[in-house]
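Peer 1: Please find upload_17.pdb (PDB, C-alpha atoms) on the next line:
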ATOM      1  CA  MET K 739       0.000   0.000   0.000
ATOM      2  CA  SER K 740       1.556   3.297  -1.064
ATOM      3  CA  HIS K 741       0.989   6.587   0.673
ATOM      4  CA  VAL K 742       2.059  10.216   0.548
ATOM      5  CA  VAL K 743       2.629  12.244   3.718
ATOM      6  CA  LEU K 744       2.065  15.994   3.454
ATOM      7  CA  ARG K 745       3.493  18.215   6.181
ATOM      8  CA  ARG K 746       5.161  21.566   6.499
ATOM      9  CA  VAL K 747       8.913  21.338   6.733
ATOM     10  CA  SER K 748       9.040  24.702   8.512
ATOM     11  CA  TRP K 749       6.948  23.334  11.402
ATOM     12  CA  MET K 750       9.237  20.358  11.866
ATOM     13  CA  VAL K 751      12.297  22.615  11.854
ATOM     14  CA  PHE K 752      10.639  25.033  14.282
ATOM     15  CA  CYS K 753       9.567  22.209  16.610
ATOM     16  CA  TRP K 754      13.003  20.633  16.790
ATOM     17  CA  VAL K 755      14.769  23.978  17.205
ATOM     18  CA  ALA K 756      12.298  24.933  19.961
ATOM     19  CA  ILE K 757      12.599  21.593  21.759
ATOM     20  CA  VAL K 758      16.413  21.537  21.618
ATOM     21  CA  GLY K 759      16.666  25.235  22.491
ATOM     22  CA  MET K 760      14.234  24.936  25.375
ATOM     23  CA  GLY K 761      15.986  21.774  26.554
ATOM     24  CA  ILE K 762      19.338  23.517  26.719
ATOM     25  CA  GLY K 763      17.742  26.620  28.275
ATOM     26  CA  GLY K 764      15.794  24.452  30.729
ATOM     27  CA  ILE K 765      18.925  22.639  31.896
ATOM     28  CA  ILE K 766      20.735  25.943  32.364
ATOM     29  CA  ALA K 767      17.741  27.398  34.239
ATOM     30  CA  VAL K 768      17.446  24.377  36.558
ATOM     31  CA  PHE K 769      21.150  24.566  37.390
ATOM     32  CA  ALA K 770      21.024  28.352  37.889
ATOM     33  CA  VAL K 771      17.969  28.248  40.169
ATOM     34  CA  SER K 772      19.294  25.179  42.007
ATOM     35  CA  SER K 773      22.675  26.782  42.663
ATOM     36  CA  ALA K 774      21.034  29.955  43.979
ATOM     37  CA  ASN K 775      18.077  28.479  45.910
ATOM     38  CA  GLY K 776      18.725  24.751  46.107
ATOM     39  CA  PHE K 777      17.233  21.914  44.136
ATOM     40  CA  ARG K 778      14.023  22.233  46.169
ATOM     41  CA  GLU K 779      13.032  25.107  43.872
ATOM     42  CA  GLY K 780      15.174  24.275  40.841
ATOM     43  CA  TRP K 781      13.374  21.071  39.877
ATOM     44  CA  GLN K 782      10.060  22.892  39.323
ATOM     45  CA  GLY K 783      11.023  23.980  35.825
ATOM     46  CA  ILE K 784      11.363  20.373  34.633
ATOM     47  CA  PRO K 785       7.597  19.555  34.492
ATOM     48  CA  ALA K 786       6.899  22.886  32.789
ATOM     49  CA  PHE K 787       9.528  22.139  30.137
ATOM     50  CA  LEU K 788       8.111  18.642  29.578
ATOM     51  CA  ALA K 789       4.561  19.980  29.186
ATOM     52  CA  ILE K 790       5.671  22.599  26.660
ATOM     53  CA  MET K 791       7.731  19.983  24.819
ATOM     54  CA  GLY K 792       4.647  17.746  24.616
ATOM     55  CA  PHE K 793       2.553  20.624  23.271
ATOM     56  CA  ILE K 794       5.137  21.512  20.625
ATOM     57  CA  GLY K 795       5.606  17.834  19.729
ATOM     58  CA  ARG K 796       1.874  17.451  19.050
ATOM     59  CA  ILE K 797       1.969  20.416  16.684
ATOM     60  CA  GLY K 798       5.008  18.997  14.882
ATOM     61  CA  ASN K 799       3.190  15.658  14.477
ATOM     62  CA  CYS K 800       0.395  17.183  12.355
ATOM     63  CA  LYS K 801       0.186  15.885   8.803
ATOM     64  CA  VAL K 802      -2.065  14.723   6.002
ATOM     65  CA  ILE K 803      -1.653  11.136   4.815
ATOM     66  CA  LEU K 804      -2.950  10.243   1.361
ATOM     67  CA  ARG K 805      -3.226   6.464   1.019
ATOM     68  CA  ASP K 806      -4.465   4.559  -2.031
ATOM     69  CA  ASP K 807      -8.026   4.314  -0.727
ATOM     70  CA  GLU K 808      -8.256   6.595   2.320
ATOM     71  CA  LEU K 809      -7.363   9.970   3.749
ATOM     72  CA  ALA K 810      -5.975  10.583   7.232
ATOM     73  CA  VAL K 811      -5.843  14.120   8.619
ATOM     74  CA  VAL K 812      -3.696  14.131  11.760
ATOM     75  CA  ASN K 813      -4.384  17.210  13.907
ATOM     76  CA  PRO K 814      -2.911  17.862  17.379
ATOM     77  CA  LEU K 815      -5.771  16.203  19.301
ATOM     78  CA  ARG K 816      -7.950  14.392  16.745
ATOM     79  CA  THR K 817      -7.170  12.243  13.715
ATOM     80  CA  TYR K 818      -9.800  11.909  11.000
ATOM     81  CA  ILE K 819      -9.793   8.866   8.740
ATOM     82  CA  LEU K 820     -12.180   8.468   5.836
ATOM     83  CA  PRO K 821     -12.383   6.621   2.540
ATOM     84  CA  LYS K 822     -11.243   8.396  -0.580
ATOM     85  CA  SER K 823     -14.766   8.068  -2.008
ATOM     86  CA  ALA K 824     -16.158  10.322   0.745
ATOM     87  CA  VAL K 825     -13.910  13.260  -0.230
ATOM     88  CA  ARG K 826     -15.659  15.522  -2.737
ATOM     89  CA  GLY K 827     -12.951  18.149  -3.072
ATOM     90  CA  VAL K 828     -10.057  19.977  -1.513
ATOM     91  CA  SER K 829      -9.366  23.692  -1.225
ATOM     92  CA  VAL K 830      -7.390  26.343   0.597
ATOM     93  CA  ASN K 831      -9.434  29.086   2.259
ATOM     94  CA  ASP K 832      -8.538  32.792   2.330
ATOM     95  CA  GLY K 833      -6.504  32.320   5.508
ATOM     96  CA  GLY K 834      -4.396  29.580   3.894
ATOM     97  CA  THR K 835      -5.965  26.584   5.670
ATOM     98  CA  LEU K 836      -6.188  23.329   3.727
ATOM     99  CA  ARG K 837      -9.628  21.746   3.962
ATOM    100  CA  PHE K 838     -11.190  18.582   2.610
ATOM    101  CA  HIS K 839     -14.825  18.818   1.515
ATOM    102  CA  LEU K 840     -17.251  16.033   2.299
ATOM    103  CA  ASP K 841     -20.960  15.919   1.510
ATOM    104  CA  ASP K 842     -23.522  18.440   2.814
ATOM    105  CA  ASP K 843     -21.062  21.257   3.521
ATOM    106  CA  ARG K 844     -19.031  19.217   5.987
ATOM    107  CA  LYS K 845     -15.317  19.952   5.920
ATOM    108  CA  ILE K 846     -12.254  18.590   7.648
ATOM    109  CA  TYR K 847      -9.603  21.206   8.311
ATOM    110  CA  SER K 848      -5.929  20.332   8.406
ATOM    111  CA  PHE K 849      -3.998  21.933  11.253
ATOM    112  CA  ALA K 850      -0.777  20.947   9.457
ATOM    113  CA  PHE K 851      -1.674  23.438   6.749
ATOM    114  CA  GLY K 852      -3.377  26.125   8.798
ATOM    115  CA  GLY K 853      -2.606  29.536   7.386
ATOM    116  CA  SER K 854       0.685  31.176   8.282
ATOM    117  CA  LEU K 855       2.691  34.229   7.370
ATOM    118  CA  ILE K 856       5.484  32.088   5.910
ATOM    119  CA  ASP K 857       2.944  30.263   3.742
ATOM    120  CA  ARG K 858       2.070  33.550   2.026
ATOM    121  CA  PHE K 859       5.591  33.489   0.550
ATOM    122  CA  VAL K 860       6.310  29.761   0.265
ATOM    123  CA  GLY K 861       2.842  28.548  -0.743
ATOM    124  CA  SER K 862       3.011  25.185   1.022
ATOM    125  CA  SER K 863      -0.779  25.038   1.468
ATOM    126  CA  GLY K 864      -1.254  25.529  -2.272
ATOM    127  CA  LYS K 865       1.310  22.828  -3.048
ATOM    128  CA  ALA K 866      -0.442  20.456  -0.624
ATOM    129  CA  GLU K 867      -3.778  21.297  -2.258
ATOM    130  CA  ARG K 868      -2.410  20.410  -5.708
ATOM    131  CA  LYS K 869      -0.985  17.086  -4.441
ATOM    132  CA  ALA K 870      -4.282  16.271  -2.725
ATOM    133  CA  GLU K 871      -6.243  17.142  -5.890
ATOM    134  CA  THR K 872      -3.994  14.849  -7.926
ATOM    135  CA  TRP K 873      -4.525  12.076  -5.351
ATOM    136  CA  LEU K 874      -8.274  12.681  -5.401
ATOM    137  CA  ARG K 875      -8.491  12.508  -9.220
ATOM    138  CA  SER K 876      -6.420   9.323  -9.490
ATOM    139  CA  ASP K 877      -8.647   6.257  -9.834
ATOM    140  CA  ARG K 878     -11.671   8.540  -9.343
ATOM    141  CA  ALA K 879     -13.933   6.399 -11.555
ATOM    142  CA  GLU K 880     -13.510   3.416  -9.222
ATOM    143  CA  SER K 881     -13.864   5.559  -6.093
ATOM    144  CA  ALA K 882     -16.978   7.335  -7.334
ATOM    145  CA  ALA K 883     -18.746   4.045  -7.956
ATOM    146  CA  GLY K 884     -18.762   3.223  -4.244
ATOM    147  CA  ALA K 885     -19.393   6.786  -3.055
ATOM    148  CA  GLU K 886     -21.862   7.201  -0.243
ATOM    149  CA  ALA K 887     -22.230   9.547   2.681
ATOM    150  CA  VAL K 888     -19.676   8.312   5.191
ATOM    151  CA  ALA K 889     -18.941   9.911   8.523
ATOM    152  CA  PRO K 890     -15.220  10.220   9.121
ATOM    153  CA  GLN K 891     -13.727   8.151  11.896
ATOM    154  CA  ALA K 892     -12.455  10.502  14.559
ATOM    155  CA  ARG K 893      -9.867   9.218  17.014
ATOM    156  CA  TRP K 894      -7.624  10.761  19.596
ATOM    157  CA  THR K 895      -4.290  11.470  17.982
ATOM    158  CA  ARG K 896      -1.472   9.381  19.355
ATOM    159  CA  CYS K 897       1.980  10.891  19.394
ATOM    160  CA  ALA K 898       4.288   8.710  21.481
ATOM    161  CA  SER K 899       7.025  11.290  22.097
ATOM    162  CA  ALA K 900       4.631  14.123  22.972
ATOM    163  CA  ASP K 901       2.422  11.914  25.142
ATOM    164  CA  ALA K 902       5.475  10.505  26.943
ATOM    165  CA  ALA K 903       6.718  14.038  27.656
ATOM    166  CA  ILE K 904       3.347  15.082  29.098
ATOM    167  CA  VAL K 905       3.009  11.931  31.223
ATOM    168  CA  LEU K 906       6.588  12.277  32.437
ATOM    169  CA  GLY K 907       5.912  15.925  33.321
ATOM    170  CA  VAL K 908       2.876  14.924  35.388
ATOM    171  CA  VAL K 909       4.853  12.169  37.135
ATOM    172  CA  VAL K 910       7.767  14.499  37.909
ATOM    173  CA  ALA K 911       5.369  17.156  39.240
ATOM    174  CA  ALA K 912       3.531  14.611  41.427
ATOM    175  CA  VAL K 913       6.711  13.022  42.796
ATOM    176  CA  GLY K 914       8.270  16.439  43.336
ATOM    177  CA  GLY K 915       5.176  17.709  45.119
ATOM    178  CA  ILE K 916       5.105  14.679  47.407
ATOM    179  CA  TRP K 917       8.862  15.009  48.023
ATOM    180  CA  MET K 918       8.444  18.688  48.928
ATOM    181  CA  ALA K 919       5.520  17.885  51.265
ATOM    182  CA  PHE K 920       7.528  15.247  53.154
ATOM    183  CA  THR K 921      10.746  17.250  53.354
ATOM    184  CA  SER K 922       9.260  20.613  54.309
ATOM    185  CA  SER K 923      10.476  22.009  57.581
TER     186      SER K 923
END
Show how you would write the structure in this file as structure tokens.
Peer 2:
Amino acid sequence: MSHVVLRRVSWMVFCWVAIVGMGIGGIIAVFAVSSANGFREGWQGIPAFLAIMGFIGRIGNCKVILRDDELAVVNPLRTYILPKSAVRGVSVNDGGTLRFHLDDDRKIYSFAFGGSLIDRFVGSSGKAERKAETWLRSDRAESAAGAEAVAPQARWTRCASADAAIVLGVVVAAVGGIWMAFTSS
């Protein structure tokens, strides 16, 4: 089964630069606060960093996957999966957001290609629209034969690295809070 993954390269670059930059800055901040006030206060930046890293990781995970017979739109919280035959068209709105048209004015918006200032110059939403249109037109005669009104499957988006960072942040905050409660004087 072949597939094409559409995503903005600029978002991936931004996410990795932000995560690495915040990681280095977070380590420096923890050491600076810990050396001035002790680790009792210095550790508190770790869960905040992990939560922000999870948030940024979810944004970087957004994409559109065009498979032979189905479409998957992966947004930060929800993933929509539907058969190719249910997609009636694709367009980019005035704000630069890529959207897939279903029947009866229903649309699925792609967070991966939400409008941006950079997109005004690069045109990545327009390029994604053209690739999606080409995908939609390929084998359209076979797809149209089985076309019926189908509700997209909506699932919670899974992103292992982002989810692990958020869970780890919650665990560190809980353990740290318990540790502070037991060691308070």
Peer 1: Please, which residues are within 10 Å of (1.3, 12.5, 18.9) by the file's coordinates, counting only C-alpha atoms, and could they come as a PyMOL selection string?
Peer 2: chain K and resi 792-800+812-817+894-902
Peer 1: Given all atoms listed in the file as the basis, pick out the residue of K:Leu836, K:Ala767, K:Val828, K:Leu874 nearest to Leu804 (chain K).
Peer 2: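 Going through K:Leu836, K:Ala767, K:Val828, K:Leu874 one by one, the smallest distance to Leu804 (chain K) is for K:Leu874.
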Peer 1: Rank nothing, just name the residue among K:Gly915, K:Gly861, K:Gly783, K:Gly776 nearest to Gly764 (chain K), using all atoms listed in the file.
Peer 2: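 Checking each candidate against Gly764 (chain K), we get K:Gly783 as the closest.
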Peer 1: Measuring atom to atom with only C-alpha atoms, identify which of K:Leu744, K:Val771, K:Ile765, K:Met750 is nearest to Ile784 (chain K).
Peer 2: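 Under the stated criterion, the closest residue is K:Ile765.
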Peer 1: Show which residues sit within 7 Å of Asp807 (chain K), as a PDB file with C-alpha atoms, keeping the file's coordinate frame. Count only C-alpha atoms, and ignore same-chain residues fewer than 2 positions away.
Peer 2:
ATOM      1  CA  ARG K 805      -3.226   6.464   1.019  1.00  0.00           C
ATOM      2  CA  PRO K 821     -12.383   6.621   2.540  1.00  0.00           C
ATOM      3  CA  LYS K 822     -11.243   8.396  -0.580  1.00  0.00           C
TER       4      LYS K 822
END
Peer 1: Find the residues around Gln782 (chain K) up to 12 Å (all atoms listed in the file counted), leave out those fewer than 2 positions away in its own chain, and share them as a ChimeraX atom specification.
Peer 2: /K:764-765,767-769,771-772,775-780,784-789,907-908,910-915,917-918
Peer 1: Measuring atom to atom with only C-alpha atoms, identify which of K:Ala889, K:Ala870, K:Val751, K:Leu855 is nearest to Ser829 (chain K).
Peer 2: K:Ala870
Peer 1: Hey, which of K:Ile790, K:Gly852, K:Leu906, K:Arg746 ends up closest to Met760 (chain K)? Count only C-alpha atoms.
Peer 2: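 Smallest distance to Met760 (chain K) is found for K:Ile790.
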Peer 1: With distances taken over only C-alpha atoms, which residue among K:Ala810, K:Cys753, K:Val909, K:Met791 lies nearest Gln891 (chain K)?
Peer 2: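 Selected residue with least distance to Gln891 (chain K): K:Ala810.
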Peer 1: Could you spell out the hits of the PyMOL selection byres ((chain K and resi 740) around 8) on the shown file, as a PyMOL selection string?
Peer 2: chain K and resi 739+741-742+805-806
Peer 1: Would you work out the distance separating CA of Phe849 (chain K) from CA of Tyr818 (chain K), expressed in Å to one decimal?
Peer 2: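 Going from CA of Phe849 (chain K) over to CA of Tyr818 (chain K) covers 11.6 Å.
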Peer 1: Let me have the centre and edge lengths in Å, one decimal, of the box along x, y and z around every listed atom of region 825-838 of chain K with 8 Å of margin on each side, as JSON.
Peer 2:
{"center_x": -10.0, "center_y": 23.0, "center_z": 1.3, "size_x": 27.3, "size_y": 35.5, "size_z": 24.7}
Peer 1: Could you check how far CA of Asp842 (chain K) sits from CA of Val825 (chain K), in Å to one decimal?
Peer 2: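 Atom-to-atom, CA of Asp842 (chain K) and CA of Val825 (chain K) are spaced 11.3 Å apart.
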Peer 1: So how many Å separate CA of Val811 (chain K) and CA of Ser748 (chain K), to one decimal?
Peer 2: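 Going from CA of Val811 (chain K) over to CA of Ser748 (chain K), I get 18.3 Å.
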Peer 1: Which residues are close to Glu871 (chain K), i.e. within 10 Å by all atoms listed in the file, leaving aside same-chain residues fewer than 3 positions away? Reply as a list in words.
Peer 2: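 Close residues of Glu871 (chain K): Gly827, Val828, Ser829, Phe838, Lys865, Ala866, Glu867, Arg868, Leu874, Arg875 and Ser876 of chain K.
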Peer 1: May I have the residues from that selection written out with C-alpha atoms, as a tab-separated table (two decimals), keeping the file's coordinate frame?
Peer 2:
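Output (selection.tsv):
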chain	number	residue	atom	x	y	z
K	827	GLY	CA	-12.95	18.15	-3.07
K	828	VAL	CA	-10.06	19.98	-1.51
K	829	SER	CA	-9.37	23.69	-1.23
K	838	PHE	CA	-11.19	18.58	2.61
K	865	LYS	CA	1.31	22.83	-3.05
K	866	ALA	CA	-0.44	20.46	-0.62
K	867	GLU	CA	-3.78	21.30	-2.26
K	868	ARG	CA	-2.41	20.41	-5.71
K	874	LEU	CA	-8.27	12.68	-5.40
K	875	ARG	CA	-8.49	12.51	-9.22
K	876	SER	CA	-6.42	9.32	-9.49
